[in-house]
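Visitor: Got a structure for you, run.txt, holding compact mmCIF, C-alpha atoms (C1' of nucleotides).
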# COMPACT_ATOMS: atom_id res chain seq x y z
CA MET B 1 145.78 111.82 32.68
CA LYS B 2 144.66 108.22 32.99
CA GLN B 3 140.94 107.52 32.65
CA PRO B 4 140.14 106.31 36.20
CA GLU B 5 141.96 109.24 37.83
CA ARG B 6 140.19 111.83 35.70
CA ARG B 7 136.86 110.18 36.36
CA GLU B 8 137.47 110.26 40.11
CA GLN B 9 138.53 113.90 39.86
CA ILE B 10 135.34 114.87 38.02
CA ILE B 11 133.16 113.05 40.56
CA GLU B 12 134.84 114.78 43.50
CA VAL B 13 134.45 118.22 41.92
CA ALA B 14 130.82 117.53 40.95
CA ASP B 15 130.16 116.28 44.48
CA ARG B 16 131.40 119.58 45.90
CA LEU B 17 129.59 121.79 43.38
CA PHE B 18 126.28 119.91 43.71
CA TYR B 19 126.53 120.50 47.46
CA GLU B 20 127.49 124.17 47.21
CA GLN B 21 125.27 125.28 44.31
CA GLY B 22 122.66 122.55 43.98
CA TYR B 23 122.41 119.85 41.29
CA ASP B 24 120.16 121.61 38.79
CA HIS B 25 121.99 124.92 39.05
CA THR B 26 125.40 123.34 38.43
CA SER B 27 126.24 123.14 34.71
CA PHE B 28 128.72 120.93 32.87
CA ALA B 29 130.65 124.11 32.14
CA ASP B 30 130.98 124.76 35.91
CA ILE B 31 132.38 121.28 36.51
CA ALA B 32 134.61 121.31 33.42
CA LYS B 33 136.04 124.69 34.42
CA ALA B 34 136.79 123.51 37.98
CA VAL B 35 138.48 120.34 36.66
CA LYS B 36 140.25 122.41 33.98
CA ILE B 37 139.13 120.38 31.00
CA SER B 38 136.99 121.44 28.04
CA ARG B 39 133.23 120.91 27.91
CA GLY B 40 133.67 118.58 24.95
CA ASN B 41 136.10 116.36 26.81
CA PHE B 42 133.65 116.11 29.66
CA TYR B 43 131.32 114.01 27.52
CA TYR B 44 134.02 111.42 27.03
CA HIS B 45 133.72 110.60 30.75
CA PHE B 46 130.00 111.17 31.37
CA LYS B 47 127.37 111.07 28.67
CA THR B 48 124.45 112.66 30.54
CA LYS B 49 123.82 114.74 33.65
CA ASP B 50 121.88 111.82 35.15
CA GLU B 51 125.01 109.70 34.79
CA ILE B 52 127.24 112.02 36.79
CA LEU B 53 124.56 112.44 39.45
CA ALA B 54 124.37 108.66 39.83
CA ALA B 55 128.17 108.52 40.13
CA VAL B 56 128.18 111.26 42.79
CA ILE B 57 125.47 109.47 44.82
CA ALA B 58 127.40 106.18 44.59
CA PHE B 59 130.57 108.00 45.68
CA ARG B 60 128.77 109.51 48.68
CA LYS B 61 127.44 106.10 49.69
CA VAL B 62 130.92 104.56 49.70
CA ARG B 63 132.31 107.50 51.67
CA THR B 64 129.44 107.35 54.20
CA LYS B 65 129.89 103.59 54.74
CA ALA B 66 133.60 104.11 55.35
CA MET B 67 132.87 106.86 57.88
CA LEU B 68 130.32 104.71 59.75
CA GLU B 69 132.83 101.85 59.93
CA ARG B 70 135.43 104.25 61.32
CA TRP B 71 133.00 105.41 64.02
CA GLU B 72 132.19 101.77 64.77
CA GLN B 73 135.85 101.13 65.61
CA GLN B 74 136.60 104.49 67.26
CA GLY B 75 133.94 104.57 70.00
CA ASP B 76 134.20 101.89 72.66
CA SER B 77 130.53 102.29 73.72
CA PRO B 78 127.28 102.79 71.77
CA GLU B 79 126.82 106.19 73.46
CA LYS B 80 130.25 107.36 72.30
CA ARG B 81 129.57 106.06 68.80
CA ILE B 82 126.23 107.90 68.57
CA ASN B 83 128.04 111.01 69.78
CA CYS B 84 130.34 110.68 66.76
CA PHE B 85 127.23 111.18 64.64
CA ILE B 86 126.05 114.18 66.68
CA GLN B 87 129.49 115.76 66.46
CA ILE B 88 129.54 115.91 62.64
CA LEU B 89 127.34 119.01 63.01
CA ILE B 90 130.34 120.61 64.74
CA ALA B 91 133.00 119.11 62.47
CA ASN B 92 131.22 120.37 59.33
CA GLN B 93 129.85 123.51 60.97
CA ALA B 94 131.17 126.06 58.48
CA LYS B 95 129.89 124.16 55.44
CA ILE B 96 126.52 123.40 57.05
CA LEU B 97 125.99 127.09 57.84
CA ARG B 98 126.46 127.97 54.18
CA HIS B 99 124.97 124.98 52.36
CA GLY B 100 122.94 122.91 54.86
CA CYS B 101 123.11 119.13 55.19
CA PRO B 102 124.53 117.48 52.02
CA VAL B 103 122.10 114.55 52.21
CA GLY B 104 118.94 116.47 53.11
CA THR B 105 119.41 119.26 50.59
CA LEU B 106 120.06 116.81 47.74
CA THR B 107 117.07 114.55 48.45
CA THR B 108 114.85 117.62 48.81
CA GLU B 109 116.00 119.07 45.49
CA LEU B 110 115.64 115.76 43.63
CA ALA B 111 112.12 115.36 45.07
CA LYS B 112 111.14 118.77 43.67
CA LEU B 113 112.67 117.98 40.28
CA GLY B 114 110.82 114.67 40.23
CA HIS B 115 114.18 113.07 39.51
CA HIS B 116 114.31 109.28 39.40
CA SER B 117 117.54 109.24 41.48
CA GLN B 118 115.74 110.68 44.51
CA ALA B 119 115.14 107.21 45.94
CA SER B 120 118.80 106.32 45.51
CA ALA B 121 119.90 109.53 47.23
CA SER B 122 117.57 108.80 50.16
CA GLU B 123 119.43 105.54 50.69
CA ILE B 124 122.29 107.62 52.13
CA PHE B 125 119.85 108.52 54.91
CA THR B 126 119.10 104.81 55.26
CA LEU B 127 122.78 104.08 55.87
CA PHE B 128 122.77 106.50 58.84
CA ARG B 129 119.38 105.23 60.00
CA GLU B 130 120.40 101.57 60.13
CA TRP B 131 123.74 102.35 61.74
CA LEU B 132 122.08 104.50 64.42
CA CYS B 133 119.40 101.85 64.90
CA LYS B 134 122.09 99.26 65.66
CA GLN B 135 123.75 101.61 68.17
CA PHE B 136 120.49 102.23 70.04
CA GLU B 137 119.90 98.47 70.17
CA ASP B 138 123.37 98.04 71.68
CA LEU B 139 122.42 100.74 74.16
CA GLY B 140 119.59 98.49 75.34
CA ARG B 141 116.73 100.30 73.58
CA VAL B 142 115.85 97.31 71.40
CA GLU B 143 112.13 98.02 71.05
CA ASP B 144 112.25 101.67 69.97
CA ALA B 145 115.73 101.70 68.40
CA ASP B 146 114.55 102.67 64.91
CA GLN B 147 112.26 105.37 66.27
CA LEU B 148 115.13 106.87 68.27
CA ALA B 149 117.35 106.70 65.17
CA MET B 150 114.77 108.57 63.10
CA GLN B 151 114.19 111.10 65.86
CA LEU B 152 117.91 111.92 66.11
CA LEU B 153 118.22 112.01 62.32
CA ALA B 154 115.26 114.39 62.05
CA ARG B 155 116.50 116.68 64.78
CA SER B 156 120.02 117.04 63.37
CA GLN B 157 118.48 117.58 59.95
CA GLY B 158 116.33 120.40 61.31
CA VAL B 159 119.29 121.92 63.13
CA ALA B 160 121.24 122.06 59.87
CA THR B 161 118.33 123.71 58.01
CA LEU B 162 117.63 126.36 60.67
CA ALA B 163 121.30 127.11 61.36
CA SER B 164 121.75 127.72 57.64
CA ALA B 165 118.58 129.84 57.35
CA PHE B 166 119.56 132.06 60.30
CA ALA B 167 123.33 131.81 59.68
CA ASP B 168 123.55 131.03 63.39
CA GLN B 169 126.62 129.09 64.49
CA SER B 170 125.82 129.21 68.20
CA PHE B 171 122.50 127.43 67.54
CA ILE B 172 124.43 124.40 66.29
CA ASP B 173 126.67 124.45 69.38
CA HIS B 174 123.69 124.65 71.71
CA GLU B 175 121.65 121.94 69.97
CA VAL B 176 124.63 119.57 69.85
CA ARG B 177 125.02 119.91 73.63
CA GLN B 178 121.29 119.31 74.08
CA MET B 179 121.35 116.21 71.89
CA SER B 180 124.33 114.79 73.81
CA LEU B 181 122.48 115.45 77.05
CA TRP B 182 119.36 113.79 75.70
CA LEU B 183 121.47 110.78 74.70
CA SER B 184 123.15 110.39 78.11
CA ASN B 185 119.72 110.52 79.81
CA LEU B 186 118.18 107.92 77.51
CA ASN B 187 119.11 104.93 79.72
CA PHE B 188 117.11 106.26 82.65
CA THR B 189 113.98 107.44 80.85
CA GLN B 190 112.80 104.28 79.13
CA MET M 191 90.88 141.01 33.79
CA LYS M 192 91.67 143.91 36.12
CA GLN M 193 95.28 144.50 37.00
CA PRO M 194 95.24 143.73 40.75
CA GLU M 195 93.32 140.48 40.25
CA ARG M 196 95.70 139.24 37.59
CA ARG M 197 98.67 140.16 39.75
CA GLU M 198 97.25 138.21 42.68
CA GLN M 199 96.53 135.28 40.41
CA ILE M 200 100.12 135.19 39.12
CA ILE M 201 101.52 135.36 42.65
CA GLU M 202 99.36 132.47 43.84
CA VAL M 203 100.33 130.28 40.89
CA ALA M 204 104.03 131.18 41.28
CA ASP M 205 103.76 130.44 45.01
CA ARG M 206 102.45 126.95 44.24
CA LEU M 207 104.93 126.21 41.45
CA PHE M 208 107.94 127.48 43.45
CA TYR M 209 106.87 125.10 46.21
CA GLU M 210 106.24 122.11 43.95
CA GLN M 211 109.14 122.47 41.48
CA GLY M 212 111.56 124.84 43.17
CA TYR M 213 112.25 128.50 42.35
CA ASP M 214 115.12 128.08 39.90
CA HIS M 215 113.50 125.21 38.05
CA THR M 216 110.24 127.12 37.52
CA SER M 217 110.31 129.21 34.34
CA PHE M 218 108.20 132.20 33.30
CA ALA M 219 106.72 129.92 30.67
CA ASP M 220 105.55 127.50 33.39
CA ILE M 221 103.83 130.28 35.32
CA ALA M 222 102.36 131.94 32.22
CA LYS M 223 101.00 128.60 31.02
CA ALA M 224 99.36 127.85 34.38
CA VAL M 225 97.80 131.35 34.49
CA LYS M 226 96.85 131.02 30.82
CA ILE M 227 98.45 134.22 29.62
CA SER M 228 101.29 134.68 27.13
CA ARG M 229 104.91 135.01 28.18
CA GLY M 230 104.98 138.55 26.81
CA ASN M 231 102.03 139.63 28.91
CA PHE M 232 103.75 138.25 31.98
CA TYR M 233 106.31 141.04 31.81
CA TYR M 234 103.61 143.66 32.09
CA HIS M 235 103.02 142.46 35.65
CA PHE M 236 106.54 141.46 36.73
CA LYS M 237 109.70 142.78 35.12
CA THR M 238 112.22 140.30 36.56
CA LYS M 239 112.28 136.89 38.22
CA ASP M 240 113.62 138.51 41.40
CA GLU M 241 110.54 140.69 41.45
CA ILE M 242 108.06 137.82 41.43
CA LEU M 243 110.09 135.94 44.04
CA ALA M 244 109.92 139.00 46.30
CA ALA M 245 106.16 139.19 45.74
CA VAL M 246 105.73 135.49 46.59
CA ILE M 247 107.77 135.85 49.79
CA ALA M 248 105.73 138.92 50.82
CA PHE M 249 102.53 136.98 50.07
CA ARG M 250 103.69 134.09 52.24
CA LYS M 251 104.52 136.45 55.10
CA VAL M 252 101.03 137.97 55.06
CA ARG M 253 99.43 134.53 54.92
CA THR M 254 101.64 133.24 57.77
CA LYS M 255 100.83 136.23 59.98
CA ALA M 256 97.11 135.71 59.39
CA MET M 257 97.42 132.03 60.30
CA LEU M 258 99.32 132.80 63.51
CA GLU M 259 96.67 135.34 64.52
CA ARG M 260 93.98 132.73 63.88
CA TRP M 261 95.79 130.23 66.11
CA GLU M 262 96.17 132.93 68.74
CA GLN M 263 92.41 133.31 68.92
CA GLN M 264 91.50 129.64 68.45
CA GLY M 265 93.45 128.03 71.31
CA ASP M 266 92.43 129.02 74.83
CA SER M 267 95.77 127.93 76.35
CA PRO M 268 99.42 128.27 75.21
CA GLU M 269 99.69 124.48 75.03
CA LYS M 270 96.72 124.25 72.68
CA ARG M 271 98.10 127.08 70.57
CA ILE M 272 101.50 125.39 70.24
CA ASN M 273 99.65 122.21 69.28
CA CYS M 274 98.09 124.16 66.38
CA PHE M 275 101.64 124.59 65.07
CA ILE M 276 102.50 120.92 65.56
CA GLN M 277 99.31 119.87 63.78
CA ILE M 278 100.15 121.66 60.50
CA LEU M 279 102.38 118.66 59.78
CA ILE M 280 99.18 116.60 59.73
CA ALA M 281 97.02 119.18 57.96
CA ASN M 282 99.56 119.57 55.12
CA GLN M 283 100.71 115.94 55.23
CA ALA M 284 100.16 115.08 51.57
CA LYS M 285 102.00 118.16 50.28
CA ILE M 286 104.83 117.79 52.79
CA LEU M 287 105.40 114.19 51.74
CA ARG M 288 105.85 115.29 48.13
CA HIS M 289 107.53 118.69 48.45
CA GLY M 290 108.78 119.10 52.03
CA CYS M 291 108.30 122.22 54.14
CA PRO M 292 107.55 125.31 52.01
CA VAL M 293 109.68 127.58 54.20
CA GLY M 294 112.65 125.28 54.72
CA THR M 295 112.96 124.17 51.11
CA LEU M 296 112.83 127.75 49.80
CA THR M 297 115.44 129.16 52.22
CA THR M 298 117.70 126.18 51.49
CA GLU M 299 117.43 126.67 47.74
CA LEU M 300 118.01 130.42 47.93
CA ALA M 301 121.05 129.82 50.14
CA LYS M 302 122.54 127.52 47.50
CA LEU M 303 121.80 129.98 44.72
CA GLY M 304 123.40 132.76 46.75
CA HIS M 305 120.18 134.72 46.16
CA HIS M 306 119.85 138.04 47.95
CA SER M 307 116.23 137.25 48.94
CA GLN M 308 117.37 134.38 51.18
CA ALA M 309 117.40 136.62 54.25
CA SER M 310 113.89 137.82 53.48
CA ALA M 311 112.63 134.25 53.06
CA SER M 312 114.17 133.29 56.41
CA GLU M 313 112.04 135.95 58.05
CA ILE M 314 109.07 133.61 57.57
CA PHE M 315 110.86 131.29 59.99
CA THR M 316 111.27 134.27 62.30
CA LEU M 317 107.50 134.81 62.34
CA PHE M 318 106.99 131.25 63.61
CA ARG M 319 109.95 131.55 65.98
CA GLU M 320 108.69 134.72 67.68
CA TRP M 321 105.12 133.44 67.86
CA LEU M 322 106.25 130.14 69.42
CA CYS M 323 108.58 132.04 71.78
CA LYS M 324 105.63 134.06 73.06
CA GLN M 325 103.59 130.89 73.62
CA PHE M 326 106.37 129.20 75.61
CA GLU M 327 106.65 132.36 77.73
CA ASP M 328 102.92 132.18 78.41
CA LEU M 329 103.46 128.55 79.35
CA GLY M 330 105.80 129.72 82.11
CA ARG M 331 109.07 128.87 80.39
CA VAL M 332 110.26 132.48 80.27
CA GLU M 333 114.00 131.84 80.48
CA ASP M 334 114.36 129.22 77.73
CA ALA M 335 111.33 130.19 75.60
CA ASP M 336 113.36 131.03 72.48
CA GLN M 337 115.43 127.87 72.80
CA LEU M 338 112.29 125.77 73.05
CA ALA M 339 110.81 127.59 70.04
CA MET M 340 113.91 126.86 67.97
CA GLN M 341 114.00 123.25 69.15
CA LEU M 342 110.40 122.65 68.08
CA LEU M 343 110.96 124.48 64.81
CA ALA M 344 114.05 122.37 64.08
CA ARG M 345 112.35 119.11 64.92
CA SER M 346 109.29 119.71 62.75
CA GLN M 347 111.61 120.87 59.98
CA GLY M 348 113.55 117.62 60.20
CA VAL M 349 110.36 115.58 60.28
CA ALA M 350 109.24 117.20 57.02
CA THR M 351 112.58 116.53 55.33
CA LEU M 352 112.82 112.88 56.38
CA ALA M 353 109.15 112.11 55.74
CA SER M 354 109.61 113.47 52.22
CA ALA M 355 112.88 111.59 51.66
CA PHE M 356 111.40 108.26 52.77
CA ALA M 357 107.85 109.02 51.52
CA ASP M 358 106.74 107.84 54.96
CA GLN M 359 103.38 109.17 56.15
CA SER M 360 103.31 107.16 59.38
CA PHE M 361 106.56 108.81 60.47
CA ILE M 362 104.80 112.19 60.49
CA ASP M 363 101.92 110.74 62.53
CA HIS M 364 104.30 109.21 65.06
CA GLU M 365 106.51 112.29 65.44
CA VAL M 366 103.49 114.59 65.84
CA ARG M 367 102.26 112.43 68.72
CA GLN M 368 105.76 112.48 70.25
CA MET M 369 105.99 116.27 69.97
CA SER M 370 102.56 116.72 71.59
CA LEU M 371 103.65 114.40 74.40
CA TRP M 372 106.90 116.32 74.81
CA LEU M 373 104.90 119.55 75.01
CA SER M 374 102.47 118.30 77.66
CA ASN M 375 105.39 117.14 79.82
CA LEU M 376 107.26 120.45 79.57
CA ASN M 377 105.64 121.99 82.65
CA PHE M 378 106.98 119.27 84.95
CA THR M 379 110.52 118.96 83.62
CA GLN M 380 111.88 122.45 84.02
C1' DG S 381 141.95 111.56 25.95
C1' DT S 382 141.59 116.08 24.72
C1' DC S 383 140.36 119.74 21.91
C1' DT S 384 137.33 123.24 18.85
C1' DA S 385 133.17 124.00 16.58
C1' DT S 386 128.51 123.75 16.45
C1' DA S 387 123.69 122.01 16.62
C1' DA S 388 119.29 122.25 19.16
C1' DT S 389 116.76 123.81 22.82
C1' DG S 390 114.99 126.70 26.51
C1' DC S 391 115.70 130.61 29.21
C1' DG S 392 115.02 135.72 30.83
C1' DA S 393 113.89 139.80 28.81
C1' DT S 394 112.39 143.50 25.16
C1' DA S 395 109.74 145.84 21.25
C1' DG S 396 105.89 147.03 19.28
C1' DA S 397 101.09 146.05 17.30
C1' DC S 398 96.33 145.88 18.88
C1' DG V 399 96.20 144.53 29.34
C1' DT V 400 97.19 141.21 26.07
C1' DC V 401 99.29 139.49 22.17
C1' DT V 402 103.18 137.91 18.62
C1' DA V 403 107.78 138.15 17.33
C1' DT V 404 112.34 138.24 18.45
C1' DC V 405 116.96 139.14 20.67
C1' DG V 406 120.91 137.47 23.34
C1' DC V 407 122.49 134.13 26.15
C1' DA V 408 123.39 129.67 28.60
C1' DT V 409 122.44 125.12 28.48
C1' DT V 410 122.82 119.93 27.15
C1' DA V 411 124.70 117.34 23.81
C1' DT V 412 127.14 115.88 19.29
C1' DA V 413 130.74 115.70 15.42
C1' DG V 414 135.01 115.38 14.08
C1' DA V 415 140.08 116.91 14.09
C1' DC V 416 144.37 115.91 16.61
As structure tokens, please, write out the structure in this file.
Guide:
Amino acid sequence: MKQPERREQIIEVADRLFYEQGYDHTSFADIAKAVKISRGNFYYHFKTKDEILAAVIAFRKVRTKAMLERWEQQGDSPEKRINCFIQILIANQAKILRHGCPVGTLTTELAKLGHHSQASASEIFTLFREWLCKQFEDLGRVEDADQLAMQLLARSQGVATLASAFADQSFIDHEVRQMSLWLSNLNFTQ
Amino acid sequence: MKQPERREQIIEVADRLFYEQGYDHTSFADIAKAVKISRGNFYYHFKTKDEILAAVIAFRKVRTKAMLERWEQQGDSPEKRINCFIQILIANQAKILRHGCPVGTLTTELAKLGHHSQASASEIFTLFREWLCKQFEDLGRVEDADQLAMQLLARSQGVATLASAFADQSFIDHEVRQMSLWLSNLNFTQ
DNA sequence: GTCTATAATGCGATAGAC
DNA sequence: GTCTATCGCATTATAGAC
């Protein structure tokens, strides 16, 4: 297989395994086995574990940016676009119940490990934060746009954590409805 | 040193290290070194890593129950008692900024590891949930008490995760004020 | 690019002396 | 109750053949 393809393949598998099992708990052997190459060959593509983590984070950033651009074009109002964000809790419900939020769980783990890539991983949160901030500004909440963005980010983060802890699907459904309601009432409560 | 004392000492050190470094990443050597006993001696007190994790979770449950009982007696109104809960984000600010919420980060990690103690660790959340539920009932919100408890639990959980990710102390301060405000307005918005 | 073989380290866990 | 010594295993990482 050509070099770029194999590299992409490894990153995608590592991305999935880091999410499902955690970064530290996932070994090169796990990734190599899933990609169906030998451990030795793995080192041709990535020299250290830090290197593949950096590649996975970069991959997630690109994917997140693409998703945010898609939402930007899909929704024809800021409220509809923010609802796209809220709805990912439903779209990824099954995975979130088992493994939590991909961004939150990674930044938390890297913080505990004292890993230098923690700051880089947190920038995925920043992508959501700035995008949401822009939407709230378009909604007319110019002054507290960033605070609203952080509030929504925090709440959906907490929903993912608790839904996973209690293995409670209906909690996600309920909180998503509540967040949508909160959003549609925002114009009148400033 | 007498057996029960040493056992307690190990549990307290393990509790701290599991919080700071994560469960999986903390080795017996780490704990033994911090307690200043040999690795071999460690096994006199705890035979497996599962065993010490179970002891730490049990320890946290006892400590949480004691704290909730203290809050129960301290606050002379349900609103003040719920504010005790909200204020732990301030009281434990420094630790939360570095290591997140002790309950949330442990349940998340155990979920990723597929560890059988995950359900037991989640019961610490249940202690808070049921205590908060009772307070919201006393506040007069009988019908949606559990939903309000879960909403507050989720929000403070998200605040801890994001504050840690961004290393942003002022975000905790701001969100705590917002949650207190939300609480004081609850009576009028039913 | 891919493989096998292997070095070097750290881990959970055990045995046995004191 | 505490220690030293050690086993068996998984891990990251390297060397070198094909």
Visitor: Tell me as a tab-separated table (two decimals) with C-alpha atoms (C1' of nucleotides), in the frame of the given file which residues belonging to chain V come within 12 Å of chain B, counting only C-alpha atoms (C1' of nucleotides).
Guide:
chain	number	residue	atom	x	y	z
V	408	DA	C1'	123.39	129.67	28.60
V	409	DT	C1'	122.44	125.12	28.48
V	410	DT	C1'	122.82	119.93	27.15
V	411	DA	C1'	124.70	117.34	23.81
V	412	DT	C1'	127.14	115.88	19.29
V	413	DA	C1'	130.74	115.70	15.42
V	414	DG	C1'	135.01	115.38	14.08
Visitor: Residues of chain S near chain M: apply a cut-off of 8 Å, count all atoms listed in the file, and supply the list as a list in words.
Guide: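 Therefore, the residues near the partner are DC391, DG392 and DA393 of chain S.
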Visitor: Could you write out as an mmCIF file with C-alpha atoms, in the frame of the given file the residues of chain B within 10 Å of chain M, counting all atoms listed in the file?
Guide:
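Result saved to out-v7.cif:
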data_model
loop_
_atom_site.group_PDB
_atom_site.id
_atom_site.type_symbol
_atom_site.label_atom_id
_atom_site.label_comp_id
_atom_site.auth_asym_id
_atom_site.auth_seq_id
_atom_site.Cartn_x
_atom_site.Cartn_y
_atom_site.Cartn_z
ATOM 1 C CA LEU B 17 129.590 121.790 43.380
ATOM 2 C CA PHE B 18 126.280 119.910 43.710
ATOM 3 C CA TYR B 19 126.530 120.500 47.460
ATOM 4 C CA GLU B 20 127.490 124.170 47.210
ATOM 5 C CA GLN B 21 125.270 125.280 44.310
ATOM 6 C CA GLY B 22 122.660 122.550 43.980
ATOM 7 C CA TYR B 23 122.410 119.850 41.290
ATOM 8 C CA ASP B 24 120.160 121.610 38.790
ATOM 9 C CA HIS B 25 121.990 124.920 39.050
ATOM 10 C CA THR B 26 125.400 123.340 38.430
ATOM 11 C CA LEU B 97 125.990 127.090 57.840
ATOM 12 C CA ARG B 98 126.460 127.970 54.180
ATOM 13 C CA HIS B 99 124.970 124.980 52.360
ATOM 14 C CA GLY B 100 122.940 122.910 54.860
ATOM 15 C CA CYS B 101 123.110 119.130 55.190
ATOM 16 C CA VAL B 103 122.100 114.550 52.210
ATOM 17 C CA GLY B 104 118.940 116.470 53.110
ATOM 18 C CA THR B 105 119.410 119.260 50.590
ATOM 19 C CA LEU B 106 120.060 116.810 47.740
ATOM 20 C CA THR B 107 117.070 114.550 48.450
ATOM 21 C CA THR B 108 114.850 117.620 48.810
ATOM 22 C CA GLU B 109 116.000 119.070 45.490
ATOM 23 C CA LEU B 110 115.640 115.760 43.630
ATOM 24 C CA ALA B 111 112.120 115.360 45.070
ATOM 25 C CA LYS B 112 111.140 118.770 43.670
ATOM 26 C CA LEU B 113 112.670 117.980 40.280
ATOM 27 C CA GLY B 114 110.820 114.670 40.230
ATOM 28 C CA GLN B 118 115.740 110.680 44.510
ATOM 29 C CA ALA B 119 115.140 107.210 45.940
ATOM 30 C CA ALA B 121 119.900 109.530 47.230
ATOM 31 C CA SER B 122 117.570 108.800 50.160
ATOM 32 C CA GLU B 123 119.430 105.540 50.690
ATOM 33 C CA PHE B 125 119.850 108.520 54.910
ATOM 34 C CA THR B 126 119.100 104.810 55.260
ATOM 35 C CA GLN B 147 112.260 105.370 66.270
ATOM 36 C CA MET B 150 114.770 108.570 63.100
ATOM 37 C CA GLN B 151 114.190 111.100 65.860
ATOM 38 C CA LEU B 152 117.910 111.920 66.110
ATOM 39 C CA LEU B 153 118.220 112.010 62.320
ATOM 40 C CA ALA B 154 115.260 114.390 62.050
ATOM 41 C CA ARG B 155 116.500 116.680 64.780
ATOM 42 C CA SER B 156 120.020 117.040 63.370
ATOM 43 C CA GLN B 157 118.480 117.580 59.950
ATOM 44 C CA GLY B 158 116.330 120.400 61.310
ATOM 45 C CA VAL B 159 119.290 121.920 63.130
ATOM 46 C CA ALA B 160 121.240 122.060 59.870
ATOM 47 C CA THR B 161 118.330 123.710 58.010
ATOM 48 C CA LEU B 162 117.630 126.360 60.670
ATOM 49 C CA ALA B 163 121.300 127.110 61.360
ATOM 50 C CA SER B 164 121.750 127.720 57.640
ATOM 51 C CA ALA B 165 118.580 129.840 57.350
ATOM 52 C CA PHE B 166 119.560 132.060 60.300
ATOM 53 C CA ALA B 167 123.330 131.810 59.680
ATOM 54 C CA PHE B 171 122.500 127.430 67.540
ATOM 55 C CA HIS B 174 123.690 124.650 71.710
ATOM 56 C CA GLU B 175 121.650 121.940 69.970
ATOM 57 C CA GLN B 178 121.290 119.310 74.080
#
Visitor: Can you tell me how far atom CA of Met369 of chain M sits from atom CA of Leu317 of chain M, in Å to one decimal?
Guide: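 Separating atom CA of Met369 of chain M from atom CA of Leu317 of chain M is a distance of 20.1 Å.
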Visitor: Looking at all atoms listed in the file, which of B:Ile124, B:Asp144, B:Asn185, B:Asp30 is the one that sits closest to Val62 of chain B?
Guide: B:Ile124
Visitor: Write out as a list in words which residues come within 9 Å of Glu79 of chain B when counting all atoms listed in the file, dropping same-chain ones fewer than 3 positions away.
Guide: Gly75, Asp76, Ile82, Asn83, Cys84, Gln135, Phe136, Leu139, Ser180, Leu183 and Ser184 of chain B
Visitor: Rounded to one decimal, what separation in Å do you get between atom CA of Asp336 of chain M and atom CA of Asp205 of chain M?
Guide: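 Separating atom CA of Asp336 of chain M from atom CA of Asp205 of chain M is a distance of 29.1 Å.
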Visitor: Show me the residues close to (140.2, 117.9, 24.9) - anything with an atom within 12 Å, counting all atoms listed in the file - and format the list as a ChimeraX atom specification.
Guide: /B:1,32,36-45 /S:381-384 /V:415-416
